[in-house]
Amino acid sequence: MKKSYPSLFACIFITLAAGMISGAVNRPDSWYAALIKPLWTPPGWVFAPVWIVLYVMMGVALWLIWERRTARLSSAAISLFMIQLIFNVVWSWFFFGMHSPALAFADICILWASILATIILFARVYRPAGLLLIPYFLWVSFAAVLNFSIWRLNAGIV
């Protein structure tokens with residue numbers, strides 16, 4: 001199979017653009033600073049490098065499926081990937097933009113399920129593409145627990 005490297009860059013650009021949109025809203029402010037957070041909350045500087053690596057891996061996974069778009073289930077897999085990417089971006093708006101850990105938690109639960117479904121579909125089309133999404137799934141799993149903890153710790157405040 002001949003590889004199309006412009007499409008690789010386009011797929012990585014799509015995922016990094018989603019991250020930049022999230023990052024534009026994800027500006028911790030005095031509201032976030034005032035929240036009670038679990039002791040195991042990572043320092044703020046950790047999030048950007050982790051997300052950059054994850055978005056690049058997501059872009060490569062998307063590209064691997066894009067390169068196999070004649071394969072059975074590839075269109076469904078790409079569509080589901082785009083849907084989960086929307087839930088990814090919306091989370092930042094709910095949490096940081098609307099200051100709503102509760103709405104953000106509802107969103108991240110849907111995101112978590114849609115990432116899992118995407119991994120399954122990607123793996124059915126091309127196993128390495130599904131495997132590339134596992135670190136993303138694990139990070140979002142951690143983020144979901146963190147989001148839930150922040151919501152519960154601040155239930156009377158927010």
# chains A, B, ... in the order shown; residues from 1 in each chain; ligands from 1
$ residues_around --residues "Val90 (chain A)" --least-positions-apart "2" --cutoff "12 Å" --atoms "only C-alpha atoms" --output "VMD selection string"
chain A and resid 18 to 19 21 to 26 83 to 88 92 to 98 100 103 to 108 110 to 111
$ write_last_selection --atoms "N, CA and C atoms" --output "short mmCIF file (atom, residue, chain, number, x, y, z; two decimals), in the first residue's frame"
data_model
loop_
_atom_site.label_atom_id
_atom_site.label_comp_id
_atom_site.auth_asym_id
_atom_site.auth_seq_id
_atom_site.Cartn_x
_atom_site.Cartn_y
_atom_site.Cartn_z
N ALA A 18 -7.74 20.35 17.08
CA ALA A 18 -8.72 20.11 18.15
C ALA A 18 -8.09 20.45 19.50
N GLY A 19 -6.85 20.06 19.67
CA GLY A 19 -6.14 20.37 20.92
C GLY A 19 -5.95 21.86 21.11
N ILE A 21 -7.90 24.21 19.91
CA ILE A 21 -9.22 24.77 20.25
C ILE A 21 -9.49 24.54 21.73
N SER A 22 -9.23 23.31 22.20
CA SER A 22 -9.40 23.02 23.63
C SER A 22 -8.51 23.90 24.47
N GLY A 23 -7.28 24.06 24.05
CA GLY A 23 -6.32 24.87 24.79
C GLY A 23 -6.70 26.33 24.88
N ALA A 24 -7.40 26.83 23.86
CA ALA A 24 -7.83 28.23 23.87
C ALA A 24 -8.84 28.47 24.99
N VAL A 25 -9.64 27.46 25.31
CA VAL A 25 -10.64 27.57 26.38
C VAL A 25 -10.02 27.15 27.71
N ASN A 26 -9.07 26.26 27.64
CA ASN A 26 -8.47 25.63 28.81
C ASN A 26 -7.41 26.54 29.44
N ILE A 83 -16.50 12.04 15.95
CA ILE A 83 -17.48 12.28 17.02
C ILE A 83 -16.78 12.36 18.38
N GLN A 84 -15.88 11.41 18.65
CA GLN A 84 -15.20 11.45 19.94
C GLN A 84 -14.31 12.68 20.04
N LEU A 85 -13.77 13.12 18.91
CA LEU A 85 -12.92 14.32 18.93
C LEU A 85 -13.75 15.56 19.31
N ILE A 86 -14.98 15.60 18.86
CA ILE A 86 -15.88 16.70 19.24
C ILE A 86 -16.14 16.67 20.75
N PHE A 87 -16.41 15.49 21.30
CA PHE A 87 -16.62 15.38 22.75
C PHE A 87 -15.35 15.78 23.50
N ASN A 88 -14.19 15.49 22.94
CA ASN A 88 -12.91 15.89 23.53
C ASN A 88 -12.84 17.41 23.65
N SER A 92 -13.49 20.74 27.44
CA SER A 92 -12.82 21.95 27.92
C SER A 92 -13.80 23.11 28.07
N TRP A 93 -14.73 23.22 27.13
CA TRP A 93 -15.71 24.30 27.22
C TRP A 93 -16.58 24.13 28.46
N PHE A 94 -17.05 22.88 28.70
CA PHE A 94 -17.89 22.65 29.88
C PHE A 94 -17.12 22.92 31.17
N PHE A 95 -15.91 22.37 31.26
CA PHE A 95 -15.16 22.47 32.52
C PHE A 95 -14.63 23.89 32.74
N PHE A 96 -13.82 24.38 31.81
CA PHE A 96 -13.15 25.67 32.01
C PHE A 96 -14.00 26.85 31.54
N GLY A 97 -14.71 26.68 30.43
CA GLY A 97 -15.51 27.78 29.90
C GLY A 97 -16.77 28.04 30.71
N MET A 98 -17.51 26.99 31.02
CA MET A 98 -18.76 27.14 31.75
C MET A 98 -18.60 26.93 33.26
N SER A 100 -18.27 24.17 34.86
CA SER A 100 -19.21 23.12 35.25
C SER A 100 -18.56 21.74 35.25
N LEU A 103 -21.21 19.03 34.19
CA LEU A 103 -21.42 18.86 32.74
C LEU A 103 -20.19 18.24 32.09
N ALA A 104 -19.03 18.68 32.52
CA ALA A 104 -17.79 18.12 31.98
C ALA A 104 -17.70 16.63 32.28
N PHE A 105 -18.14 16.21 33.45
CA PHE A 105 -18.10 14.79 33.78
C PHE A 105 -19.05 14.00 32.90
N ALA A 106 -20.24 14.53 32.65
CA ALA A 106 -21.18 13.85 31.75
C ALA A 106 -20.55 13.71 30.37
N ASP A 107 -19.91 14.78 29.90
CA ASP A 107 -19.25 14.76 28.60
C ASP A 107 -18.12 13.72 28.57
N ILE A 108 -17.29 13.70 29.61
CA ILE A 108 -16.14 12.80 29.59
C ILE A 108 -16.57 11.33 29.67
N ILE A 110 -19.24 10.17 28.10
CA ILE A 110 -19.57 9.87 26.71
C ILE A 110 -18.28 9.76 25.89
N LEU A 111 -17.35 10.67 26.14
CA LEU A 111 -16.05 10.63 25.46
C LEU A 111 -15.36 9.30 25.72
#
$ residues_around --residues "Leu39 (chain A)" --least-positions-apart "3" --cutoff "12 Å" --atoms "only C-alpha atoms" --output "ChimeraX atom specification"
/A:36,42-43,146,149-150,153
$ select_by_dssp --residues "region 38-116 of chain A" --states "alpha helix (DSSP H)" --output "PDB file with C-alpha atoms, in the first residue's frame"
ATOM      1  CA  PHE A  47      -1.035  18.486  30.676  1.00  0.00           C
ATOM      2  CA  ALA A  48       0.257  20.232  27.533  1.00  0.00           C
ATOM      3  CA  PRO A  49       3.115  17.818  26.745  1.00  0.00           C
ATOM      4  CA  VAL A  50       0.934  14.780  27.442  1.00  0.00           C
ATOM      5  CA  TRP A  51      -1.852  16.078  25.212  1.00  0.00           C
ATOM      6  CA  ILE A  52       0.529  16.962  22.380  1.00  0.00           C
ATOM      7  CA  VAL A  53       1.893  13.411  22.331  1.00  0.00           C
ATOM      8  CA  LEU A  54      -1.615  11.963  22.532  1.00  0.00           C
ATOM      9  CA  TYR A  55      -2.937  14.180  19.723  1.00  0.00           C
ATOM     10  CA  VAL A  56      -0.036  13.174  17.466  1.00  0.00           C
ATOM     11  CA  MET A  57      -0.675   9.487  18.228  1.00  0.00           C
ATOM     12  CA  MET A  58      -4.382  10.024  17.531  1.00  0.00           C
ATOM     13  CA  GLY A  59      -3.510  11.682  14.215  1.00  0.00           C
ATOM     14  CA  VAL A  60      -1.281   8.775  13.194  1.00  0.00           C
ATOM     15  CA  ALA A  61      -4.034   6.302  14.144  1.00  0.00           C
ATOM     16  CA  LEU A  62      -6.556   8.271  12.101  1.00  0.00           C
ATOM     17  CA  TRP A  63      -4.151   8.290   9.154  1.00  0.00           C
ATOM     18  CA  LEU A  64      -3.661   4.527   9.341  1.00  0.00           C
ATOM     19  CA  ILE A  65      -7.428   4.104   9.043  1.00  0.00           C
ATOM     20  CA  TRP A  66      -7.678   6.802   6.363  1.00  0.00           C
ATOM     21  CA  SER A  74     -13.240   2.243   7.884  1.00  0.00           C
ATOM     22  CA  SER A  75     -15.899   4.912   7.190  1.00  0.00           C
ATOM     23  CA  ALA A  76     -17.696   4.097  10.437  1.00  0.00           C
ATOM     24  CA  ALA A  77     -14.388   4.158  12.307  1.00  0.00           C
ATOM     25  CA  ILE A  78     -13.436   7.564  10.884  1.00  0.00           C
ATOM     26  CA  SER A  79     -16.901   8.966  11.679  1.00  0.00           C
ATOM     27  CA  LEU A  80     -16.745   7.682  15.243  1.00  0.00           C
ATOM     28  CA  PHE A  81     -13.251   9.131  15.618  1.00  0.00           C
ATOM     29  CA  MET A  82     -14.555  12.559  14.600  1.00  0.00           C
ATOM     30  CA  ILE A  83     -17.478  12.281  17.020  1.00  0.00           C
ATOM     31  CA  GLN A  84     -15.198  11.450  19.942  1.00  0.00           C
ATOM     32  CA  LEU A  85     -12.919  14.323  18.931  1.00  0.00           C
ATOM     33  CA  ILE A  86     -15.881  16.701  19.242  1.00  0.00           C
ATOM     34  CA  PHE A  87     -16.615  15.379  22.752  1.00  0.00           C
ATOM     35  CA  ASN A  88     -12.911  15.887  23.534  1.00  0.00           C
ATOM     36  CA  VAL A  89     -13.072  19.566  22.549  1.00  0.00           C
ATOM     37  CA  VAL A  90     -16.426  20.195  24.249  1.00  0.00           C
ATOM     38  CA  TRP A  91     -15.100  18.918  27.583  1.00  0.00           C
ATOM     39  CA  SER A  92     -12.822  21.954  27.918  1.00  0.00           C
ATOM     40  CA  PRO A 101     -17.387  20.016  36.459  1.00  0.00           C
ATOM     41  CA  ALA A 102     -20.768  18.212  36.447  1.00  0.00           C
ATOM     42  CA  LEU A 103     -21.421  18.862  32.741  1.00  0.00           C
ATOM     43  CA  ALA A 104     -17.787  18.117  31.982  1.00  0.00           C
ATOM     44  CA  PHE A 105     -18.098  14.789  33.782  1.00  0.00           C
ATOM     45  CA  ALA A 106     -21.180  13.854  31.753  1.00  0.00           C
ATOM     46  CA  ASP A 107     -19.251  14.755  28.597  1.00  0.00           C
ATOM     47  CA  ILE A 108     -16.140  12.798  29.592  1.00  0.00           C
ATOM     48  CA  CYS A 109     -18.245   9.702  30.266  1.00  0.00           C
ATOM     49  CA  ILE A 110     -19.567   9.872  26.708  1.00  0.00           C
ATOM     50  CA  LEU A 111     -16.047  10.628  25.460  1.00  0.00           C
ATOM     51  CA  TRP A 112     -14.675   7.605  27.341  1.00  0.00           C
ATOM     52  CA  ALA A 113     -17.276   5.276  25.799  1.00  0.00           C
ATOM     53  CA  SER A 114     -16.760   6.716  22.322  1.00  0.00           C
ATOM     54  CA  ILE A 115     -12.962   6.314  22.579  1.00  0.00           C
ATOM     55  CA  LEU A 116     -13.442   2.682  23.589  1.00  0.00           C
TER      56      LEU A 116
END
$ closest_residue --among "A:Phe122, A:Tyr32, A:Trp139, A:Tyr5" --to "Val46 (chain A)" --atoms "only C-alpha atoms"
A:Trp139
$ closest_residue --among "A:Ile119, A:Met20, A:Leu8, A:Leu35" --to "Asn147 (chain A)" --atoms "only C-alpha atoms"
A:Leu35
$ atom_distance --atom1 "CA of Ile134 (chain A)" --atom2 "CA of Pro6 (chain A)"
24.7 Å
